[in-house]
file start28.csv (CSV, C-alpha atoms)
chain,number,residue,atom,x,y,z
U,1,MET,CA,31.1,138.4,-181.3
U,2,LEU,CA,34.1,139.4,-183.3
U,3,GLY,CA,33.3,140.9,-186.6
U,4,GLU,CA,34.5,139.9,-190.1
U,5,ALA,CA,36.8,142.9,-190.3
U,6,PHE,CA,38.6,141.6,-187.1
U,7,VAL,CA,39.0,138.1,-188.7
U,8,HIS,CA,40.5,139.6,-191.9
U,9,ALA,CA,42.8,141.8,-189.8
U,10,VAL,CA,44.2,138.7,-188.0
U,11,LEU,CA,44.6,136.8,-191.2
U,12,ASP,CA,46.4,139.7,-192.9
U,13,SER,CA,48.8,140.2,-189.9
U,14,THR,CA,50.4,136.8,-190.2
U,15,ASP,CA,53.4,135.9,-192.2
U,16,SER,CA,51.7,132.7,-193.3
U,17,LEU,CA,50.3,132.6,-196.8
U,18,ILE,CA,46.6,131.8,-196.4
U,19,PHE,CA,44.2,131.2,-199.3
U,20,VAL,CA,40.9,129.3,-200.0
U,21,LYS,CA,40.0,127.5,-203.3
U,22,ASP,CA,36.8,125.9,-204.6
U,23,ARG,CA,36.6,122.6,-206.4
U,24,GLU,CA,37.5,124.2,-209.7
U,25,SER,CA,40.7,125.5,-208.0
U,26,ARG,CA,39.5,129.1,-208.2
U,27,VAL,CA,40.8,131.3,-205.4
U,28,VAL,CA,37.8,132.6,-203.3
U,29,TYR,CA,39.9,134.2,-200.5
U,30,ALA,CA,43.6,135.2,-200.1
U,31,ASN,CA,45.3,137.1,-197.4
U,32,ASP,CA,47.9,139.9,-197.9
U,33,ALA,CA,50.9,137.6,-197.6
U,34,PHE,CA,49.6,135.4,-200.4
U,35,LEU,CA,48.6,138.3,-202.6
U,36,ALA,CA,52.2,139.7,-202.2
U,37,LEU,CA,53.4,136.9,-204.5
U,38,TYR,CA,51.8,138.8,-207.4
U,39,SER,CA,52.6,142.2,-208.8
U,40,PRO,CA,50.5,145.1,-207.5
U,41,GLU,CA,48.5,145.3,-210.7
U,42,GLU,CA,47.8,141.6,-210.7
U,43,ARG,CA,46.5,141.3,-207.1
U,44,LYS,CA,43.0,142.6,-207.9
U,45,ASN,CA,42.6,139.7,-210.4
U,46,VAL,CA,43.6,136.9,-208.1
U,47,ILE,CA,40.2,136.3,-206.4
U,48,GLY,CA,38.0,134.2,-208.8
U,49,ALA,CA,41.0,133.0,-210.9
U,50,THR,CA,42.9,129.7,-210.8
U,51,THR,CA,46.2,131.7,-211.2
U,52,VAL,CA,47.7,128.8,-213.1
U,53,GLU,CA,48.5,131.2,-216.0
U,54,ASN,CA,51.2,132.7,-213.7
U,55,PHE,CA,53.1,129.4,-213.7
U,56,ALA,CA,54.9,127.2,-216.2
U,57,GLU,CA,52.7,124.4,-217.6
U,58,ASP,CA,54.3,121.6,-215.6
U,59,GLU,CA,54.1,123.7,-212.3
U,60,ALA,CA,50.4,124.5,-213.0
U,61,ALA,CA,49.6,120.9,-213.6
U,62,LEU,CA,51.3,119.9,-210.3
U,63,PHE,CA,49.4,122.6,-208.3
U,64,LEU,CA,46.0,121.5,-209.8
U,65,GLU,CA,46.9,117.8,-209.1
U,66,GLU,CA,47.6,118.6,-205.5
U,67,ASP,CA,44.3,120.4,-205.2
U,68,ARG,CA,42.5,117.3,-206.5
U,69,LYS,CA,44.4,115.0,-204.1
U,70,ALA,CA,43.5,117.2,-201.2
U,71,PHE,CA,39.8,117.2,-202.1
U,72,ALA,CA,39.9,113.4,-202.5
U,73,ARG,CA,41.8,112.7,-199.3
U,74,GLY,CA,40.6,115.5,-197.1
U,75,GLN,CA,44.1,117.0,-196.8
U,76,SER,CA,47.6,117.1,-198.3
U,77,GLU,CA,51.0,118.5,-197.6
U,78,ILE,CA,53.7,119.6,-200.0
U,79,VAL,CA,57.0,121.5,-200.1
U,80,GLU,CA,57.1,123.5,-203.3
U,81,GLU,CA,59.4,126.1,-204.9
U,82,ILE,CA,57.8,129.1,-206.7
U,83,THR,CA,59.0,132.4,-208.1
U,84,ASP,CA,57.3,135.6,-206.9
U,85,TRP,CA,56.6,138.6,-209.1
U,86,GLU,CA,60.1,140.1,-208.3
U,87,GLY,CA,61.8,136.9,-209.6
U,88,GLU,CA,62.8,135.7,-206.1
U,89,LYS,CA,62.8,131.9,-205.5
U,90,ARG,CA,60.5,131.0,-202.6
U,91,ILE,CA,60.2,127.6,-200.9
U,92,LEU,CA,56.8,127.0,-199.3
U,93,SER,CA,55.6,124.3,-197.0
U,94,THR,CA,51.9,124.1,-197.7
U,95,ARG,CA,49.2,122.2,-195.8
U,96,LYS,CA,45.7,122.0,-197.5
U,97,THR,CA,42.6,120.9,-195.6
U,98,VAL,CA,39.0,120.4,-196.9
U,99,TYR,CA,36.2,122.0,-194.9
U,100,THR,CA,32.5,122.1,-195.3
U,101,THR,CA,30.7,125.5,-195.5
U,102,GLU,CA,27.4,126.3,-193.9
U,103,ASP,CA,25.5,125.6,-197.1
U,104,GLY,CA,27.1,122.2,-197.5
U,105,GLY,CA,29.7,123.0,-200.0
U,106,GLU,CA,33.3,122.1,-199.8
U,107,LEU,CA,36.3,124.5,-199.9
U,108,LEU,CA,40.0,123.9,-199.7
U,109,LEU,CA,41.9,125.9,-197.0
U,110,ALA,CA,45.6,126.2,-197.6
U,111,ILE,CA,48.2,127.6,-195.1
U,112,ALA,CA,51.7,127.9,-196.4
U,113,LYS,CA,54.9,128.8,-194.5
U,114,ASP,CA,57.8,130.4,-196.2
U,115,ILE,CA,60.8,128.2,-195.3
U,116,THR,CA,63.3,129.7,-197.8
U,117,ALA,CA,65.6,131.1,-195.0
U,118,LEU,CA,65.4,127.8,-193.1
U,119,LYS,CA,66.4,125.8,-196.3
U,120,ASN,CA,69.2,128.2,-197.0
U,121,ARG,CA,70.6,127.8,-193.5
U,122,GLU,CA,70.2,124.0,-193.8
U,123,HIS,CA,72.2,124.1,-197.1
U,124,ALA,CA,74.9,126.4,-195.5
U,125,LEU,CA,75.2,124.1,-192.5
U,126,THR,CA,75.6,121.1,-194.8
U,127,ARG,CA,78.3,122.8,-196.7
U,128,ALA,CA,80.1,123.9,-193.4
U,129,ASN,CA,80.0,120.4,-192.0
U,130,ARG,CA,81.4,119.0,-195.3
U,131,GLN,CA,84.2,121.6,-195.2
U,132,LEU,CA,84.9,120.8,-191.6
U,133,ARG,CA,85.1,117.1,-192.4
U,134,GLU,CA,87.5,117.8,-195.3
U,135,TYR,CA,89.6,120.1,-193.1
U,136,ALA,CA,89.8,117.5,-190.3
U,137,HIS,CA,90.9,114.9,-192.9
U,138,SER,CA,93.6,117.2,-194.2
U,139,VAL,CA,94.9,118.2,-190.8
U,140,ALA,CA,95.0,114.5,-189.7
U,141,HIS,CA,97.1,113.6,-192.7
U,142,ASP,CA,99.4,116.6,-192.4
U,143,LEU,CA,100.2,116.0,-188.7
U,144,ARG,CA,101.1,112.3,-189.1
U,145,SER,CA,104.6,113.1,-190.4
U,146,PRO,CA,105.7,115.5,-187.5
U,147,ILE,CA,104.3,113.0,-185.0
U,148,ALA,CA,106.4,110.3,-186.5
U,149,ALA,CA,109.4,112.7,-186.4
U,150,ILE,CA,108.7,113.3,-182.6
U,151,ILE,CA,108.6,109.6,-181.9
U,152,SER,CA,111.8,109.0,-183.9
U,153,GLY,CA,113.6,112.0,-182.3
U,154,VAL,CA,112.9,110.9,-178.8
U,155,SER,CA,114.0,107.3,-179.6
U,156,ILE,CA,117.3,108.7,-181.0
U,157,ILE,CA,117.9,110.7,-177.7
U,158,GLU,CA,117.1,107.6,-175.6
U,159,ARG,CA,119.5,105.4,-177.6
U,160,ASP,CA,122.3,108.1,-177.8
U,161,LYS,CA,125.3,106.7,-175.9
U,162,ASN,CA,126.6,110.2,-175.4
U,163,SER,CA,123.4,111.3,-173.6
U,164,SER,CA,122.7,110.7,-169.9
U,165,LEU,CA,119.1,111.2,-168.9
U,166,SER,CA,118.0,111.5,-165.3
U,167,GLU,CA,115.4,109.2,-164.0
U,168,ARG,CA,112.7,111.9,-164.3
U,169,ALA,CA,113.9,112.8,-167.9
U,170,THR,CA,113.6,109.1,-168.8
U,171,LEU,CA,110.1,109.0,-167.5
U,172,VAL,CA,109.2,112.2,-169.4
U,173,SER,CA,110.7,110.9,-172.7
U,174,LYS,CA,108.7,107.7,-172.3
U,175,ALA,CA,105.6,109.7,-171.7
U,176,VAL,CA,106.2,111.9,-174.7
U,177,LYS,CA,106.5,108.8,-177.0
U,178,GLU,CA,103.4,107.2,-175.5
U,179,SER,CA,101.5,110.4,-175.9
U,180,ALA,CA,102.7,110.8,-179.5
U,181,HIS,CA,101.5,107.2,-180.2
U,182,GLY,CA,98.2,108.1,-178.6
U,183,LEU,CA,97.9,111.3,-180.7
U,184,SER,CA,98.6,109.2,-183.8
U,185,LYS,CA,95.6,107.0,-182.8
U,186,HIS,CA,93.6,110.1,-182.1
U,187,LEU,CA,94.3,111.4,-185.6
U,188,THR,CA,93.1,108.0,-187.0
U,189,ALA,CA,89.9,108.6,-185.0
U,190,MET,CA,89.6,112.0,-186.6
U,191,LEU,CA,89.9,110.5,-190.0
U,192,GLU,CA,87.2,107.9,-189.1
U,193,ALA,CA,85.0,110.7,-187.7
U,194,ALA,CA,85.4,112.7,-191.0
U,195,LYS,CA,84.1,109.7,-192.9
U,196,SER,CA,81.2,109.0,-190.4
U,197,ASP,CA,78.5,110.8,-192.4
U,198,GLN,CA,79.3,108.7,-195.5
U,199,LEU,CA,79.8,105.3,-193.8
U,200,GLY,CA,77.2,105.7,-191.0
U,201,LEU,CA,77.9,105.7,-187.3
U,202,SER,CA,78.3,102.5,-185.3
U,203,PHE,CA,76.6,102.9,-181.9
U,204,LYS,CA,77.2,100.1,-179.4
U,205,GLU,CA,77.1,99.4,-175.7
U,206,THR,CA,80.4,100.8,-174.3
U,207,ASP,CA,82.0,100.9,-170.9
U,208,LEU,CA,82.9,104.6,-170.5
U,209,ASN,CA,85.6,103.6,-167.9
U,210,LEU,CA,87.6,101.9,-170.7
U,211,LEU,CA,87.3,105.0,-172.9
U,212,LEU,CA,88.5,107.2,-170.0
U,213,GLU,CA,91.6,105.0,-169.4
U,214,GLU,CA,92.5,105.4,-173.1
U,215,VAL,CA,92.1,109.2,-172.7
U,216,ARG,CA,94.3,109.2,-169.5
U,217,PHE,CA,97.0,107.4,-171.6
U,218,ASN,CA,96.7,109.8,-174.5
U,219,LEU,CA,97.0,112.8,-172.2
U,220,SER,CA,99.8,111.4,-170.0
U,221,ALA,CA,102.5,113.8,-171.2
U,222,LEU,CA,100.3,116.8,-170.7
U,223,SER,CA,99.3,115.6,-167.3
U,224,ILE,CA,102.9,115.1,-166.3
U,225,SER,CA,104.0,118.5,-167.6
U,226,ARG,CA,101.1,120.3,-165.9
U,227,GLU,CA,101.1,118.0,-162.8
U,228,ALA,CA,97.4,117.5,-163.4
U,229,LYS,CA,95.2,114.9,-161.9
U,230,ILE,CA,91.9,113.4,-163.3
U,231,HIS,CA,89.4,112.2,-160.8
U,232,SER,CA,86.3,110.3,-161.8
U,233,PRO,CA,83.7,108.1,-160.2
U,234,ARG,CA,82.7,104.7,-161.7
U,235,LEU,CA,81.2,105.6,-165.1
U,236,PRO,CA,78.2,103.8,-166.6
U,237,VAL,CA,78.0,101.4,-169.5
U,238,VAL,CA,76.0,103.3,-172.2
U,239,VAL,CA,75.3,103.1,-175.9
U,240,VAL,CA,77.6,105.5,-177.8
U,241,GLU,CA,79.8,105.7,-180.9
U,242,PRO,CA,83.0,104.8,-179.1
U,243,THR,CA,85.5,106.6,-181.4
U,244,LEU,CA,83.7,109.9,-181.4
U,245,PHE,CA,82.8,109.7,-177.7
U,246,ARG,CA,86.4,109.1,-176.7
U,247,GLN,CA,87.3,112.1,-178.9
U,248,MET,CA,84.8,114.3,-177.0
U,249,LEU,CA,86.0,113.1,-173.5
U,250,GLN,CA,89.6,113.7,-174.5
U,251,SER,CA,88.9,117.2,-175.8
U,252,LEU,CA,86.9,118.3,-172.8
U,253,ILE,CA,89.5,116.9,-170.3
U,254,GLU,CA,92.4,118.4,-172.3
U,255,ASN,CA,90.6,121.8,-172.4
U,256,ALA,CA,90.0,121.6,-168.6
U,257,ILE,CA,93.7,121.0,-168.0
U,258,ARG,CA,95.0,123.7,-170.4
U,259,HIS,CA,92.5,126.4,-169.4
U,260,ALA,CA,92.1,125.8,-165.7
U,261,GLY,CA,94.2,128.9,-164.9
U,262,VAL,CA,95.6,127.2,-161.8
U,263,GLU,CA,98.8,125.3,-161.0
U,264,LYS,CA,98.5,121.5,-160.7
U,265,PRO,CA,94.9,121.4,-162.0
U,266,VAL,CA,92.5,118.7,-160.8
U,267,VAL,CA,89.8,117.7,-163.3
U,268,LYS,CA,86.8,116.2,-161.6
U,269,ILE,CA,84.3,114.3,-163.7
U,270,GLY,CA,80.7,113.8,-162.5
U,271,VAL,CA,77.9,111.7,-164.0
U,272,GLN,CA,74.3,111.3,-163.2
U,273,ARG,CA,71.2,110.1,-165.0
U,274,ASP,CA,68.3,112.5,-165.3
U,275,GLY,CA,65.3,110.8,-166.9
U,276,GLY,CA,66.1,110.0,-170.5
U,277,GLU,CA,69.6,111.5,-170.6
U,278,TYR,CA,73.0,111.3,-168.9
U,279,GLU,CA,74.6,114.4,-167.6
U,280,ILE,CA,78.4,114.3,-167.6
U,281,SER,CA,80.1,117.3,-165.9
U,282,PHE,CA,83.7,118.5,-166.0
U,283,CYS,CA,85.1,120.7,-163.2
U,284,ASP,CA,88.7,122.0,-163.1
U,285,LYS,CA,88.4,124.3,-160.0
U,286,GLY,CA,89.4,127.2,-162.2
U,287,PRO,CA,87.2,130.3,-162.8
U,288,GLY,CA,85.4,128.8,-165.8
U,289,ILE,CA,84.7,130.4,-169.1
U,290,PRO,CA,83.9,134.1,-168.5
U,291,THR,CA,80.4,135.2,-169.6
U,292,GLU,CA,81.8,137.7,-172.1
U,293,LYS,CA,83.8,135.0,-173.8
U,294,ARG,CA,81.2,132.3,-174.0
U,295,HIS,CA,80.2,133.3,-177.5
U,296,LEU,CA,83.8,132.4,-178.6
U,297,ALA,CA,83.9,129.0,-177.0
U,298,MET,CA,82.0,127.2,-179.8
U,299,LYS,CA,83.7,129.1,-182.7
U,300,PRO,CA,86.6,127.4,-184.5
U,301,PHE,CA,90.1,128.8,-183.9
U,302,SER,CA,88.8,131.6,-181.6
U,303,LYS,CA,91.5,133.7,-179.9
U,304,PRO,CA,91.5,136.0,-176.9
U,305,GLU,CA,89.9,139.4,-177.7
U,306,ASP,CA,92.0,141.4,-175.2
U,307,GLY,CA,95.1,141.5,-177.3
U,308,HIS,CA,97.0,139.1,-175.1
U,309,VAL,CA,98.8,136.1,-176.5
U,310,GLY,CA,97.2,132.9,-175.3
U,311,GLU,CA,95.7,129.6,-176.3
U,312,GLY,CA,92.5,129.8,-178.3
U,313,TYR,CA,89.7,127.2,-178.2
U,314,GLY,CA,90.7,125.6,-181.5
U,315,LEU,CA,88.2,123.1,-183.0
U,316,GLY,CA,87.7,121.2,-179.8
U,317,LEU,CA,84.5,122.5,-178.3
U,318,MET,CA,82.8,122.9,-181.7
U,319,GLN,CA,83.6,119.2,-182.5
U,320,CYS,CA,82.4,118.2,-179.1
U,321,GLN,CA,79.1,120.0,-179.6
U,322,ARG,CA,78.7,118.1,-182.9
U,323,ILE,CA,79.5,114.8,-181.3
U,324,ALA,CA,77.0,115.4,-178.4
U,325,GLN,CA,74.4,116.3,-181.0
U,326,LEU,CA,75.1,113.0,-182.8
U,327,HIS,CA,74.2,111.4,-179.4
U,328,GLU,CA,70.9,113.3,-179.4
U,329,GLY,CA,72.3,115.7,-176.8
U,330,PHE,CA,74.2,119.0,-176.5
U,331,LEU,CA,77.1,120.7,-174.8
U,332,GLU,CA,76.3,123.3,-172.2
U,333,ILE,CA,78.3,126.0,-170.5
U,334,PRO,CA,76.6,126.5,-167.1
U,335,ASN,CA,76.1,129.9,-165.5
U,336,GLU,CA,79.2,131.6,-164.1
U,337,LYS,CA,80.8,129.5,-161.4
U,338,THR,CA,80.1,130.6,-157.8
U,339,ALA,CA,82.1,127.7,-156.2
U,340,PRO,CA,85.3,125.8,-157.2
U,341,ASP,CA,83.4,122.6,-157.5
U,342,ASP,CA,80.8,124.0,-159.9
U,343,PRO,CA,81.1,122.4,-163.4
U,344,THR,CA,82.9,124.3,-166.1
U,345,ILE,CA,81.1,122.5,-168.9
U,346,VAL,CA,78.4,119.8,-169.1
U,347,ALA,CA,77.8,117.2,-171.8
U,348,ARG,CA,74.3,115.8,-172.1
U,349,ILE,CA,73.6,112.7,-174.1
U,350,SER,CA,70.5,110.5,-174.6
U,351,ALA,CA,70.3,107.5,-172.3
U,352,GLU,CA,67.9,105.8,-174.8
U,353,LEU,CA,70.1,105.3,-177.9
U,354,GLN,CA,69.9,101.9,-179.5
U,355,ALA,CA,73.0,99.9,-180.5
U,356,ARG,CA,73.4,99.8,-184.3

call {"tool": "encode", "arguments": {"input": "start28.csv", "output": "structure tokens"}}
result
Amino acid sequence: MLGEAFVHAVLDSTDSLIFVKDRESRVVYANDAFLALYSPEERKNVIGATTVENFAEDEAALFLEEDRKAFARGQSEIVEEITDWEGEKRILSTRKTVYTTEDGGELLLAIAKDITALKNREHALTRANRQLREYAHSVAHDLRSPIAAIISGVSIIERDKNSSLSERATLVSKAVKESAHGLSKHLTAMLEAAKSDQLGLSFKETDLNLLLEEVRFNLSALSISREAKIHSPRLPVVVVEPTLFRQMLQSLIENAIRHAGVEKPVVKIGVQRDGGEYEISFCDKGPGIPTEKRHLAMKPFSKPEDGHVGEGYGLGLMQCQRIAQLHEGFLEIPNEKTAPDDPTIVARISAELQAR
């Protein structure tokens, strides 16, 4: 049998704050993590006390009320903010459970987890997402004027009686205008995405083939200039947020074309259902994202670290990761490619989303 000393050693080695109270809310046991809330000179007085004198009157009343609720219901859970003896704010998630002792009495066992760091990260992420939405909104507005200028400039060249465009140049100018119009629509989608958290997302049954055709149109100028091809099987009809999902498809295909590292890139899209999720893969026959650079791929505006001038990853992959997460999935960079047809990046989304 394990002795009492062993049990105390186990309880004192955990980061959880563990304490036991009687029906009068007196502390009858406390582990080291709980005692660390109090100054060294106060710790010897914690056992046998209610400790309410260490808190403001309203806080003390709240703690005592929670104890009474737990005894009445058998258990309770609460997230509470306290201040330790060094003046540091601590956020605790505490679960209290009533148990019966060998002599028939009842005691209250409480186990509290310090979630201060988790809450701080949550607040930081919320701020970062808000800043990203505001930045996307600002960029979308700022880019509308130069896009309009591009469309106007190309139209002037086409109508100029002193200019004579070859057949290929005419096709390219038309593609530039169409792509500029597509980019304008894409910026509108970015504005809508920036508002999505405030307005709520609209998921509906969507034919992904139609979204892909819109992407092909938007990327037509890039495809012509790079002599790129996009191959895809018949895609399924799934429940997605169409505007955001089209943005993700376009960003991933555009990245594949720009970063393939080969002439005349061919982007192959694959899709399969694996249980409760769809796996959509993108292969560009290039070398893929090197292992040593994968930590940059999801960072905004990352640039090559080797001192060479080149295209960074921009906001694209980070936005795509967020969109995949909104579809209860994630973006994955597979292990280093061993064959040309291995996927460069994979998007996984839930196959069980409901239209709303």

call {"tool": "atom_distance", "arguments": {"input": "start28.csv", "atom1": "CA of Asp15 in chain U", "atom2": "CA of Glu81 in chain U"}}
result
17.1 Å

call {"tool": "residues_around", "arguments": {"input": "start28.csv", "residues": "Thr100 in chain U", "least_positions_apart": "5", "cutoff": "12 Å", "atoms": "only C-alpha atoms", "output": "mmCIF file with C-alpha atoms, keeping the file's coordinate frame"}}
result
data_model
loop_
_atom_site.group_PDB
_atom_site.id
_atom_site.type_symbol
_atom_site.label_atom_id
_atom_site.label_comp_id
_atom_site.auth_asym_id
_atom_site.auth_seq_id
_atom_site.Cartn_x
_atom_site.Cartn_y
_atom_site.Cartn_z
ATOM 1 C CA ASP U 22 36.800 125.900 -204.600
ATOM 2 C CA ARG U 23 36.600 122.600 -206.400
ATOM 3 C CA PHE U 71 39.800 117.200 -202.100
ATOM 4 C CA GLY U 74 40.600 115.500 -197.100
ATOM 5 C CA GLY U 105 29.700 123.000 -200.000
ATOM 6 C CA GLU U 106 33.300 122.100 -199.800
ATOM 7 C CA LEU U 107 36.300 124.500 -199.900
ATOM 8 C CA LEU U 108 40.000 123.900 -199.700
ATOM 9 C CA LEU U 109 41.900 125.900 -197.000
#

call {"tool": "atom_distance", "arguments": {"input": "start28.csv", "atom1": "CA of Ile91 in chain U", "atom2": "CA of Phe34 in chain U"}}
result
13.2 Å

call {"tool": "residues_around", "arguments": {"input": "start28.csv", "residues": "Thr14 in chain U", "least_positions_apart": "5", "cutoff": "9 Å", "atoms": "all atoms listed in the file", "output": "list in words"}}
result
Asn31, Asp32 and Ala33 of chain U

call {"tool": "residues_near_point", "arguments": {"input": "start28.csv", "point": "(77.9, 107.8, -166.3)", "cutoff": "9 Å", "atoms": "only C-alpha atoms", "output": "VMD selection string"}}
result
chain U and resid 208 to 209 233 to 238 270 to 273 278 to 280

call {"tool": "atom_distance", "arguments": {"input": "start28.csv", "atom1": "CA of Glu332 in chain U", "atom2": "CA of Lys264 in chain U"}}
result
25.1 Å

call {"tool": "residues_near_point", "arguments": {"input": "start28.csv", "point": "(70.0, 99.0, -185.6)", "cutoff": "10 Å", "atoms": "only C-alpha atoms", "output": "list in words"}}
result
Ser202, Phe203, Lys204, Leu353, Gln354, Ala355 and Arg356 of chain U

call {"tool": "residues_around", "arguments": {"input": "start28.csv", "residues": "Val266 in chain U", "least_positions_apart": "6", "cutoff": "9 Å", "atoms": "all atoms listed in the file", "output": "PyMOL selection string"}}
result
chain U and resi 227-231+256-257+260+283-285

call {"tool": "closest_residue", "arguments": {"input": "start28.csv", "among": "U:Arg73, U:Leu37, U:Ala60, U:Glu158", "to": "Lys89 in chain U", "atoms": "all atoms listed in the file"}}
result
U:Leu37

call {"tool": "residues_around", "arguments": {"input": "start28.csv", "residues": "range 75-79 of chain U", "least_positions_apart": "4", "cutoff": "7 Å", "atoms": "all atoms listed in the file", "output": "list of chain:residue names"}}
result
U:Lys69, U:Ala70, U:Phe71, U:Ile91, U:Leu92, U:Ser93, U:Thr94, U:Arg95, U:Lys96, U:Thr97, U:Val98

call {"tool": "decode", "arguments": {"input": "start28.csv", "residues": "range 251-265 of chain U", "atoms": "N, CA and C atoms", "output": "compact mmCIF listing (two decimals), in the first residue's frame"}}
result
# COMPACT_ATOMS: atom_id res chain seq x y z
N SER U 251 -6.11 31.61 -53.41
CA SER U 251 -4.80 31.86 -52.80
C SER U 251 -3.89 30.65 -52.94
N LEU U 252 -4.43 29.45 -52.72
CA LEU U 252 -3.61 28.25 -52.77
C LEU U 252 -3.17 27.94 -54.21
N ILE U 253 -4.06 28.14 -55.17
CA ILE U 253 -3.70 27.90 -56.57
C ILE U 253 -2.70 28.95 -57.04
N GLU U 254 -2.93 30.22 -56.67
CA GLU U 254 -2.01 31.29 -57.06
C GLU U 254 -0.62 31.05 -56.47
N ASN U 255 -0.56 30.64 -55.19
CA ASN U 255 0.74 30.32 -54.59
C ASN U 255 1.42 29.19 -55.33
N ALA U 256 0.64 28.17 -55.73
CA ALA U 256 1.22 27.03 -56.44
C ALA U 256 1.84 27.47 -57.76
N ILE U 257 1.16 28.38 -58.48
CA ILE U 257 1.68 28.86 -59.76
C ILE U 257 2.94 29.71 -59.55
N ARG U 258 2.88 30.63 -58.59
CA ARG U 258 3.98 31.57 -58.39
C ARG U 258 5.23 30.90 -57.82
N HIS U 259 5.05 29.91 -56.94
CA HIS U 259 6.18 29.33 -56.22
C HIS U 259 6.55 27.92 -56.70
N ALA U 260 6.02 27.52 -57.86
CA ALA U 260 6.31 26.16 -58.34
C ALA U 260 7.79 25.96 -58.61
N GLY U 261 8.46 27.01 -59.05
CA GLY U 261 9.90 26.89 -59.32
C GLY U 261 10.20 26.16 -60.61
N VAL U 262 9.19 26.01 -61.47
CA VAL U 262 9.40 25.35 -62.76
C VAL U 262 8.73 26.19 -63.84
N GLU U 263 9.17 26.01 -65.11
CA GLU U 263 8.52 26.69 -66.21
C GLU U 263 7.22 25.98 -66.55
N LYS U 264 6.26 26.75 -67.03
CA LYS U 264 4.95 26.23 -67.42
C LYS U 264 4.38 25.31 -66.32
N PRO U 265 4.15 25.83 -65.13
CA PRO U 265 3.67 25.00 -64.03
C PRO U 265 2.30 24.40 -64.30
